[in-house]
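Read the structure below first, then the notes.
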Amino acid sequence: MGIAEDAYLEQLRTSPVGHRIAIRLSGEIDLSNVQDLKYALDEGIEEGGPVLIDVSELSFIDSAGVHVWVQAAEALKDRGCLVIHGERKSLGRLLDLLGVDDMVKNLHRVHHAS
Amino acid sequence: MDGSDVQETGAAPASGFRHEALLYEGVDDFVERTSSFIVEGIESGEPVLVVVAAEKIARLRDELGARANVVHFADMLDVGSNPARIIPAWKTFVDGHAGSGQPLRGIGEPIWAGRSAEELIECERHEALLNLAFAASRAWWLLCPYDVDGLPPTVLREARRNHPFVLAAGEHQAAQECRSLRDIAQPFDAPLPDGPVSAWEMRFDSDALAHVRRFVEDRAAHAGLDALRSDDLVLAVNEIVTNSVRYGGGQGVLKMWETPETSISEVRDSGHIDGPMIGRLRPTPNESGGFGVWIANQVCDLVQVRSFTDGSIVRLHMRRR
């Protein structure tokens, strides 16, 4: 069996031009590091506006991780939104299975990686 | 949850849901009995959804002619090859007509002669759970056809235990032996034969989730699952293992093995799985948990969930081709 990579989360913040918080997620997100994801989103929730999440380097996320996004979108309400950018097939599948598009109106999925 | 026992009162259930088995003899009898049920519905302006095998849909369309245009049809192989997906489909139908005030009709045939032994047990569990799922429902009438010619007596007897009503030879009967809602709501503990001694095994805890995913990827590749199905299986196993970590005592054992047709992943822990409807109710994203078994049910060909006094088992089946 191969050596397992630990799940890790890398955070990239751009300084606000137009007041955006941008986060890049890499590697894998599961129950063991989902709290880090929550902390990373807290500032975005507080500030409002679009919170960009680049997931083109995210090779795995589970429902616990998606739940954090959903909670963030709901906390933002009409003060902002989440933009999930560059989803891979498996993430798209998970978001469809959870019915996220129907249930959370301010979570937007932009498919093409930049 | 309503725990009243149908056979004690001898009366129709308090719910608007009428769950009735239809015993038929061969395809022609099937067509005759189900088409008259459908036509009654059409003539009363009641929406009708028919979920049966494709060949039977074709026969019904022939029989109904132009009237088939107002009937909704769905192939049972698409909707419910994994029978745990069938209740959500009915819920969508029933909830989708919430505003109309009309009673609804449905026909659903989840059990046929070709079902494997494991699928059959899950189909029977599904039939029992329908009574619970719609215990407080608006008026709708679900007819479940059973082929007396093609199915063994044990299956037909079990059908009587899962349906408060049985329609046989044109006569509607109240089924005296139908299970109570209280019994149906108990943790499901039908036995599962042990997996093979040669199964690959790993213990897991909260630190091992990434290891679990690599383990599943390896075994999925060995079983010949393509990339998409391997990703699906990794997702599903990760969810079930996470459930064990969160709710099942923090740790457990993952085993994987293969039959010629299937790759099987088994997660055992020391917890209890209490909710009878687990994995069969569409999640709302603001719920914090309960997505795991739902996800597994959508991506796996069969999911077996068992809760015993000393722990729980979840088995995920993925066909190898």
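Each chain in the structure tokens gets a letter, A, B, ..., in the order shown, and its residues are numbered from 1; ligands are numbered from 1 in order too.
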Each residue of chain A with at least one atom at most 10 Å from chain B should appear once, together with its nearest atom pair and the corresponding distance in Å (one decimal); atoms considered: only C-alpha atoms; ordering: chain, then increasing residue number; output as a Markdown table.
```
| residue | atom | partner | partner_atom | distance |
| --- | --- | --- | --- | --- |
| A:Met1 | CA | B:Asp218 | CA | 7.1 |
| A:Gly2 | CA | B:Arg214 | CA | 7.2 |
| A:Ile3 | CA | B:His211 | CA | 8.0 |
| A:Ala4 | CA | B:His211 | CA | 5.3 |
| A:Glu5 | CA | B:Ala210 | CA | 6.7 |
| A:Asp6 | CA | B:Ala210 | CA | 6.3 |
| A:Ala7 | CA | B:Ala210 | CA | 6.6 |
| A:Glu28 | CA | B:Ala210 | CA | 8.2 |
| A:Ile29 | CA | B:Ala210 | CA | 9.3 |
| A:Asp30 | CA | B:Leu209 | CA | 7.5 |
| A:Leu31 | CA | B:Thr242 | CA | 7.0 |
| A:Ser32 | CA | B:Ser206 | CA | 6.7 |
| A:Phe60 | CA | B:Leu235 | CA | 8.4 |
| A:Ile61 | CA | B:Leu235 | CA | 8.4 |
| A:Asp62 | CA | B:Leu235 | CA | 6.8 |
| A:Ser63 | CA | B:Phe291 | CA | 6.8 |
| A:Ala64 | CA | B:Ser288 | CA | 7.7 |
| A:Val66 | CA | B:Pro285 | CA | 8.6 |
| A:His67 | CA | B:Pro285 | CA | 6.5 |
| A:Val68 | CA | B:Ser288 | CA | 9.1 |
| A:Trp69 | CA | B:Pro285 | CA | 9.7 |
| A:Val70 | CA | B:Pro285 | CA | 6.5 |
| A:Gln71 | CA | B:Asn286 | CA | 6.8 |
| A:Glu74 | CA | B:Asn286 | CA | 8.5 |
| A:Lys89 | CA | B:Leu228 | CA | 8.4 |
| A:Ser90 | CA | B:Asp231 | CA | 6.6 |
| A:Leu91 | CA | B:Leu235 | CA | 9.7 |
| A:Arg93 | CA | B:Asp232 | CA | 8.6 |
| A:Leu94 | CA | B:Ile295 | CA | 8.0 |
| A:Leu97 | CA | B:Ile295 | CA | 6.8 |
| A:Leu98 | CA | B:Pro283 | CA | 6.6 |
| A:Gly99 | CA | B:Pro285 | CA | 8.0 |
| A:Val100 | CA | B:Pro285 | CA | 6.9 |
| A:Asp102 | CA | B:Thr284 | CA | 9.9 |
| A:Met103 | CA | B:Pro285 | CA | 7.0 |
| A:Val104 | CA | B:Pro285 | CA | 7.8 |
```
Problem set entry | Shell of 12 Å around Val110 in chain A, only C-alpha atoms, local chain residues under 2 positions omitted, as number ranges by chain | A: 52-56, 82-88, 92, 107-108, 112-114
Exercise. CA of Pro153 in chain B and CA of Ala21 in chain B are how many Å apart?
Worked result: 14.3 Å
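Between CA of Ser270 in chain B and CA of Lys38 in chain A there is a distance of 29.3 Å.
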Problem set entry | Filtered DSSP result for range 49-107 of chain A, state strand (DSSP E or B), as a list in words |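 Residues meeting the strand (DSSP E or B) criterion: Gly49, Pro50, Val51, Leu52, Ile53, Asp54, Val55, Ser56, Glu57, Leu58, Ser59, Phe60, Ile61, Gly80, Cys81, Leu82, Val83, Ile84, His85 and Leu107 of chain A.
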Write the selection just made, keeping C-alpha atoms, as a tab-separated table (two decimals), in the first residue's frame?
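Below you can see out_15.tsv, which holds the result:
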```tsv
chain	number	residue	atom	x	y	z
A	49	GLY	CA	-19.16	40.04	-0.03
A	50	PRO	CA	-18.14	37.23	-2.34
A	51	VAL	CA	-15.86	34.64	-0.75
A	52	LEU	CA	-13.90	32.90	-3.49
A	53	ILE	CA	-12.83	29.33	-2.86
A	54	ASP	CA	-10.44	27.84	-5.41
A	55	VAL	CA	-10.84	24.07	-5.29
A	56	SER	CA	-8.89	23.15	-8.42
A	57	GLU	CA	-6.17	21.61	-6.22
A	58	LEU	CA	-8.62	19.96	-3.84
A	59	SER	CA	-8.44	16.22	-4.45
A	60	PHE	CA	-10.97	15.18	-1.82
A	61	ILE	CA	-13.67	16.69	0.37
A	80	GLY	CA	-22.46	37.89	0.40
A	81	CYS	CA	-21.96	34.54	-1.26
A	82	LEU	CA	-19.57	31.64	-1.68
A	83	VAL	CA	-18.05	31.04	-5.10
A	84	ILE	CA	-16.61	27.56	-5.52
A	85	HIS	CA	-14.16	27.74	-8.39
A	107	LEU	CA	-23.37	29.15	-3.11
```
For this session: Could you please determine the separation between CA of Asn82 in chain B and CA of Val70 in chain B in Å, to one decimal place?
Result: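 Computing it gives 27.2 Å between the two atoms.
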